[in-house]
Amino acid sequence: MRSIAKIMAAAVALLPFAAPALAQAFPEKPVTLVVPYPPGGNVDSAARLIAPRMEEKLGQPIVVENRAGAAGMIAAEYVKNSDPDGYTLFMAANGPLLFAPMTMNRPKAYDWKTDFAPISSVSITPMALTVRSDLGIKTLPELVERADSDGLLMASPGAGTTNHLAAEKLMAETGKKWRIVHYKGNAPALASLAGGETAFAFDQMSVILPQIKEGTVTPLAVTSKERVKALPDVPTLAETGVVDFQAVTFTGLLAPAGTPKDVVAKLVDAVDYALSDEEVQKRFADLGSDTQAMSPSEFGDFLAEMDKTWRPVVAEVNAKR
Amino acid sequence: MSVFHDLAMGFGIALQPTAILICFAGVLLGTFVGVLPGIGALAAISLCLPLTYYMLPVHGLILLAGIFYGAQYGSSTAAILLNIPGTPSAAATCLDGFPLSKKGRAGQALFVVTLASFFGGCVAIILLIVFAPPLARFALSFGAPEYFAVMLLGLIAASTASSGSAAKGLAMVVLGLGLGMVGTDVTSGTYRFTLGMVELTDGINLVALAMGLFGIAEVLTNLASSESAAPPARSFRLREMLPTRREAKDSVRPAIRGSLIGSAVGALPGTGPAIAAFLAYAIEKRVSRHPERFGTGVFEGIAAPEAANNASVQAAFIPTLCIGIPGDAVMAFMLGAMIIHGIVPGPQLISEQPEMFWGLVSSFWVGNVLLLLITLPLIGFWVRILSIPRQYLYPTILFLICVGVYSVNNNVFDVFVAVAFGLLGFVMNSLRYPVAPVLLGYILGPLIEENFRRTLFISNGDVTAFASSPVSIIFLALSVLALVWPLYSHRRALRRARSAEV
């Protein structure tokens with residue numbers, strides 16, 4: 001009996017050294033990507049697009065798991081509390097990762113800087129600011145002016161969304177005011193714009209491109225740093241000379257903090273591999289997004305930058321409601 | 001006619017052996033998830049999405065769509081046999097379906113709802129083929145005041161739909177309206193009645209609520225009572241499941257009305273099959289010559305909602321395919337699936353990818369015919385469920401409900417919610433409070449409130465905005481009529497009774 005106890009003790013003592021050996025073998029079982037939204041939509045599609053290619057690279061199945069709810073906090077907390085072994089990853093986006101604890105009044109729930117280990121960004125989705133074509137508005141200054149003086153209504157897919165925040169920032173920086181009508185998600189907001197109930201909106205590219213092509217709405221600006229391939233003639237916000245900021249939604253993968261470096265490195269490789277596939281890039285382009293792989297430290301810097309730009313806007317919107 | 005040319009091309013795609021096989025797999029799977037209480041189409045569709053990566057895009061969509069509308073066929077089965085709707089949209093079917101089972105007419109009821117579903121599906125598909133773009137534009141012209149007026153009519157018409165005490169029914173509608181308020185206010189982003197729980201910030205989950213109130217409550221009620229739920233059938237031959245000529249005749253007009261209501265409701269983004277089914281049931285009860293018999297097991301009461309919910313899911317493809325605006329969660333997922341397959345739904349879809357559009361639409365027809373062929377022979381099999389001893393049947397149902405509710409959000413919290421509503425439903429059943437109005441208030445309340453406030457916000461508080469368009473005026477007038485008519489007819493009946501006495 002004693003010898004068994006000794007072996008056990010030795011085994012326990014050796015456990016810390018076993019970690020690198022485990023990482024060597026990573027992954028030995030399916031890896032789960034936790035999506036903070038229900039199936040369908042931008043973030044879910046991004047996860048499902050990279051999963052098959054990551055599978056090829058890692059040699060293990062990738063499971064996309066939707067844990068929607070509470071502005072993404074349920075998914076974020078689930079990943080935060082998972083074992084930091086690289087088998088449970090957070091498919092994050094702006095709100096769920098950076099601002100949900102603040103908007104949900106639970107600031108202590110998690111902090112993206114200390115509770116998560118960045119792996120890589122996956123995609124960047126710019127928005128377009130469009131106005132109903134029958135209004136005859138062709139430029140951003142014109143829109144801002146008329147929105148203020150004629151009381152044009154803006155459609156938003158929900159209070160606190162990037163779309164809503166971009167509008168708040170635009171109002172703050174131009175000193176103009178207009179009223180924002182909130183809807184439950186992109187679809188009804190788009191329906192209100194196409195149906196004429198509202199006049200203009202910030203929309204993700206994939207949502208609005210078909211309407212732009214159809215001529216229902218006129219694009220005035222895109223919210224990315226550079227012009228968008230699908231709309232080469234449309235200026236960026238900075239190029240309009242009215243304001244100078246970017247408002248993009250990103251998707252990216254994060255592991256729980258404390259995940260071994262070599263496990264993270266393998267996951268970075270897998271994301272790189274998936275995003276370098278031309279077919280995958282094309283599908284993201286169809287979604288109106290650009291694939292964007294970053295190293296963990298670049299991704300961390302990117303998140304810090306997003307956090308810095310938008311936290312004051314979020315805080316202001318949050319205080320007002 | 002170019003429509004026939006397009007359709008011929010569509011059927012050319014949908015009738016290829018592979019496409020038929022894939023469609024068959026989809027509708028079969030859909031039937032099963034529909035039959036199983038709690039497990040809905042969305043869970044099955046998201047599980048099957050990875051499979052479609054290895055198919056042609058049009059085949060992938062045929063599969064996913066087949067699961068979606070197949071689930072509607074299946075969902076009435078448990079509603080009729082066990083008083084447990086397979087999906088929330090079959091809740092209205094419980095009202096008369098289960099009493100029919102108790103009368104020993106389960107097989108006939110299943111036969112009628114299968115044909116009604118088929119009919120509803122066909123009507124919606126024809127509308128989709130002939131009128132898709134104008135219908136989509138019409139649906140787009142619905143703004144906040146129009147939605148408010150339509151939903152108000154729905155609430156008023158359906159509030160009195162349940163049988164038994166009207167006071168109890170109305171009290172339960174109010175309870176439902178209250179439950180619908182839980183969550184985040186759309187207009188301001190404020191949390192209401194969330195009791196400090198993050199899980200409640202998105203509101204109470206529809207599937208959890210419906211499965212608790214209907215499913216778990218029904219199981220508990222049955223366990224508590226000694227009488228058996230519905231008598232097991234003695235014969236399982238299809239011939240003996242045929243409805244009588246009278247029963248068939250009673251079902252025809254309700255199925256037609258249900259199909260039209262379902263198609264109209266389904267084409268409106270943001271509504272869904274549950275509203276269509278309840279509305280069809282309520283209208284059927286209104287136009288019936290014997291409304292007092294509703295709830296006791298009449299075929300009108302199952303044909304209308306089943307035609308409506310199936311027509312509605314078929315018509316839900318209209319806004320999704322033609323303008324790229326999904327009507328509900330399942331359609332949002334379908335839209336995502338299309339984009340993953342490199343198809344961008346929207347106004348250009350029909351002209352740019354006609355083989356995609358017409359192939360998918362033609363497959364709906366193939367799928368509905370297949371569903372008819374699958375479902376009719378299965379009726380005898382399903383009716384056998386009634387002969388399963390309840391010590392085996394009920395634990396199985398509870399297990400399936402829990403799995404189904406969990407699968408919606410992968411969240412145990414929803415299972416607890418379902419159990420809580422199961423207990424509430426059990427108490428309500430014991431005290432003879434109807435459960436259907438709770439679900440109705442819960443579904444319609446938030447839509448009414450949201451659009452009421454949005455109307456006023458847009459008009460800057462001007463109340464006349466509610467009557468700003470012909471559509472809203474018509475529906476508001478109908479709402480008033482729906483409120484006043486029962487009072488009037490009741491008085492007239494009283495007066496007649498009195499004059500007869502004198």
# chains A, B, ... in the order shown; residues from 1 in each chain; ligands from 1

$ interface_residues --of "chain B" --to "chain A" --cutoff "7 Å" --atoms "only C-alpha atoms" --output "count of residues only"
26

$ select_by_dssp --residues "stretch 38-109 of chain A" --states "strand (DSSP E or B)" --output "number ranges by chain"
A: 62-66, 88-93

$ closest_residue --among "B:Leu127, B:Ser351, B:Pro145, B:Gly66" --to "B:Ser469" --atoms "only C-alpha atoms"
B:Pro145

$ atom_distance --atom1 "atom CA of A:Ala93" --atom2 "atom CA of B:Ala329"
19.6 Å

$ closest_residue --among "B:Ile20, B:Leu494, B:Ala8, B:Ile84" --to "B:Gly212" --atoms "only C-alpha atoms"
B:Ile84

$ select_by_dssp --residues "stretch 1-205 of chain B" --states "alpha helix (DSSP H)" --output "JSON, numbers by chain"
{"B": [2, 3, 4, 5, 6, 7, 8, 9, 10, 11, 12, 13, 14, 17, 18, 19, 20, 21, 22, 23, 24, 25, 26, 27, 28, 29, 30, 31, 32, 33, 34, 35, 41, 42, 43, 44, 45, 46, 47, 48, 49, 50, 51, 52, 57, 58, 59, 60, 61, 62, 63, 64, 65, 66, 67, 68, 69, 70, 71, 72, 73, 74, 75, 76, 77, 78, 79, 80, 81, 82, 91, 92, 93, 94, 95, 96, 97, 98, 99, 100, 101, 102, 106, 107, 108, 109, 110, 111, 112, 113, 114, 115, 116, 117, 118, 119, 120, 121, 122, 123, 124, 125, 126, 127, 128, 129, 130, 131, 132, 133, 134, 135, 136, 137, 138, 139, 140, 144, 145, 146, 147, 148, 149, 150, 151, 152, 153, 154, 155, 156, 157, 158, 159, 166, 167, 168, 169, 170, 171, 172, 173, 174, 175, 176, 177, 178, 179, 180, 181]}

$ write_last_selection --atoms "C-alpha atoms" --output "tab-separated table (two decimals), in the first residue's frame"
chain	number	residue	atom	x	y	z
B	2	SER	CA	-41.85	33.35	-67.53
B	3	VAL	CA	-42.97	32.07	-64.15
B	4	PHE	CA	-43.52	28.63	-65.66
B	5	HIS	CA	-40.17	28.78	-67.33
B	6	ASP	CA	-38.52	29.70	-64.03
B	7	LEU	CA	-40.45	27.02	-62.19
B	8	ALA	CA	-39.46	24.42	-64.75
B	9	MET	CA	-35.85	25.35	-64.15
B	10	GLY	CA	-36.43	25.20	-60.39
B	11	PHE	CA	-38.00	21.76	-60.54
B	12	GLY	CA	-35.17	20.68	-62.80
B	13	ILE	CA	-32.91	21.30	-59.82
B	14	ALA	CA	-35.24	20.19	-57.05
B	17	PRO	CA	-32.22	12.44	-57.28
B	18	THR	CA	-29.61	13.96	-54.94
B	19	ALA	CA	-31.80	16.97	-54.26
B	20	ILE	CA	-34.81	14.78	-53.51
B	21	LEU	CA	-32.72	12.62	-51.19
B	22	ILE	CA	-31.37	15.65	-49.35
B	23	CYS	CA	-34.82	17.18	-49.13
B	24	PHE	CA	-36.14	13.89	-47.75
B	25	ALA	CA	-33.40	13.79	-45.11
B	26	GLY	CA	-34.20	17.38	-44.13
B	27	VAL	CA	-37.94	16.99	-43.78
B	28	LEU	CA	-37.59	13.64	-41.99
B	29	LEU	CA	-35.20	15.16	-39.46
B	30	GLY	CA	-37.49	18.18	-39.20
B	31	THR	CA	-40.49	15.95	-38.47
B	32	PHE	CA	-38.63	14.24	-35.66
B	33	VAL	CA	-37.34	17.40	-33.98
B	34	GLY	CA	-40.84	18.80	-34.37
B	35	VAL	CA	-42.39	15.80	-32.65
B	41	ALA	CA	-35.78	23.56	-35.69
B	42	LEU	CA	-33.07	26.07	-34.81
B	43	ALA	CA	-31.05	23.58	-32.77
B	44	ALA	CA	-31.28	20.96	-35.52
B	45	ILE	CA	-30.44	23.44	-38.26
B	46	SER	CA	-27.37	24.77	-36.50
B	47	LEU	CA	-26.18	21.19	-35.89
B	48	CYS	CA	-26.59	20.37	-39.58
B	49	LEU	CA	-24.93	23.51	-40.94
B	50	PRO	CA	-21.40	22.01	-40.97
B	51	LEU	CA	-22.73	19.09	-43.08
B	52	THR	CA	-23.83	21.51	-45.77
B	57	PRO	CA	-25.09	25.60	-51.85
B	58	VAL	CA	-28.59	24.97	-53.19
B	59	HIS	CA	-28.60	21.45	-51.71
B	60	GLY	CA	-27.42	22.79	-48.36
B	61	LEU	CA	-30.27	25.27	-48.26
B	62	ILE	CA	-32.79	22.64	-49.32
B	63	LEU	CA	-31.67	20.54	-46.35
B	64	LEU	CA	-31.82	23.37	-43.81
B	65	ALA	CA	-35.14	24.69	-45.09
B	66	GLY	CA	-36.57	21.17	-45.04
B	67	ILE	CA	-35.74	20.83	-41.36
B	68	PHE	CA	-37.43	24.17	-40.69
B	69	TYR	CA	-40.78	23.50	-42.30
B	70	GLY	CA	-40.66	19.79	-41.51
B	71	ALA	CA	-40.63	20.71	-37.83
B	72	GLN	CA	-43.99	22.42	-38.26
B	73	TYR	CA	-45.56	19.19	-39.46
B	74	GLY	CA	-44.20	17.27	-36.52
B	75	SER	CA	-44.96	19.83	-33.84
B	76	SER	CA	-48.70	19.15	-33.83
B	77	THR	CA	-48.26	15.46	-33.06
B	78	ALA	CA	-47.42	15.76	-29.38
B	79	ALA	CA	-49.84	18.69	-29.07
B	80	ILE	CA	-52.73	16.49	-30.16
B	81	LEU	CA	-51.72	13.26	-28.45
B	82	LEU	CA	-50.30	14.54	-25.19
B	91	ALA	CA	-49.59	25.60	-28.67
B	92	ALA	CA	-52.84	26.71	-30.31
B	93	THR	CA	-53.29	23.20	-31.69
B	94	CYS	CA	-53.44	21.82	-28.12
B	95	LEU	CA	-56.67	23.70	-27.45
B	96	ASP	CA	-58.82	21.44	-29.59
B	97	GLY	CA	-56.35	18.76	-30.60
B	98	PHE	CA	-56.00	17.18	-27.18
B	99	PRO	CA	-59.77	17.11	-26.49
B	100	LEU	CA	-60.09	15.28	-29.80
B	101	SER	CA	-57.59	12.70	-28.59
B	102	LYS	CA	-59.58	12.28	-25.40
B	106	ALA	CA	-56.43	11.16	-32.28
B	107	GLY	CA	-55.77	9.42	-35.59
B	108	GLN	CA	-58.36	11.49	-37.42
B	109	ALA	CA	-57.01	14.69	-35.87
B	110	LEU	CA	-53.47	13.86	-37.01
B	111	PHE	CA	-54.80	13.07	-40.46
B	112	VAL	CA	-56.59	16.42	-40.69
B	113	VAL	CA	-53.65	18.50	-39.44
B	114	THR	CA	-51.32	16.79	-41.90
B	115	LEU	CA	-53.57	17.69	-44.80
B	116	ALA	CA	-54.16	21.19	-43.40
B	117	SER	CA	-50.41	21.70	-43.04
B	118	PHE	CA	-49.87	20.52	-46.58
B	119	PHE	CA	-52.58	22.84	-47.84
B	120	GLY	CA	-51.21	25.79	-45.88
B	121	GLY	CA	-47.73	25.11	-47.21
B	122	CYS	CA	-48.97	24.96	-50.79
B	123	VAL	CA	-50.92	28.21	-50.53
B	124	ALA	CA	-47.88	30.03	-49.14
B	125	ILE	CA	-45.60	28.57	-51.81
B	126	ILE	CA	-47.95	29.71	-54.57
B	127	LEU	CA	-48.00	33.20	-53.07
B	128	LEU	CA	-44.21	33.05	-52.83
B	129	ILE	CA	-43.93	32.15	-56.50
B	130	VAL	CA	-46.45	34.59	-57.88
B	131	PHE	CA	-46.32	37.57	-55.56
B	132	ALA	CA	-42.98	37.39	-53.73
B	133	PRO	CA	-41.53	40.79	-54.67
B	134	PRO	CA	-44.78	42.81	-54.28
B	135	LEU	CA	-45.57	40.97	-51.03
B	136	ALA	CA	-42.13	41.80	-49.72
B	137	ARG	CA	-42.64	45.46	-50.60
B	138	PHE	CA	-46.04	45.41	-48.91
B	139	ALA	CA	-44.50	43.91	-45.79
B	140	LEU	CA	-41.87	46.67	-45.85
B	144	ALA	CA	-44.64	50.95	-36.17
B	145	PRO	CA	-48.30	52.13	-36.26
B	146	GLU	CA	-49.28	49.28	-38.60
B	147	TYR	CA	-47.54	46.65	-36.49
B	148	PHE	CA	-49.17	48.08	-33.41
B	149	ALA	CA	-52.65	47.92	-34.94
B	150	VAL	CA	-52.21	44.36	-36.24
B	151	MET	CA	-50.77	43.05	-32.97
B	152	LEU	CA	-53.49	44.80	-30.97
B	153	LEU	CA	-56.14	43.08	-33.05
B	154	GLY	CA	-54.33	39.81	-32.52
B	155	LEU	CA	-54.28	40.28	-28.78
B	156	ILE	CA	-57.93	41.30	-28.52
B	157	ALA	CA	-59.14	38.58	-30.86
B	158	ALA	CA	-57.12	35.86	-29.24
B	159	SER	CA	-57.61	36.89	-25.61
B	166	ALA	CA	-63.51	34.68	-19.59
B	167	ALA	CA	-62.30	36.41	-16.43
B	168	LYS	CA	-59.71	33.72	-15.80
B	169	GLY	CA	-58.62	33.89	-19.44
B	170	LEU	CA	-58.15	37.66	-19.32
B	171	ALA	CA	-56.26	37.42	-16.03
B	172	MET	CA	-53.86	35.01	-17.70
B	173	VAL	CA	-53.39	37.34	-20.69
B	174	VAL	CA	-52.39	40.04	-18.22
B	175	LEU	CA	-49.98	37.65	-16.52
B	176	GLY	CA	-48.47	36.94	-19.93
B	177	LEU	CA	-48.14	40.65	-20.70
B	178	GLY	CA	-46.29	41.06	-17.42
B	179	LEU	CA	-43.92	38.19	-18.18
B	180	GLY	CA	-43.26	39.71	-21.59
B	181	MET	CA	-41.99	42.87	-19.93

$ residues_around --residues "A:Thr218" --least-positions-apart "2" --cutoff "6 Å" --atoms "only C-alpha atoms" --output "number ranges by chain"
A: 130-131, 133
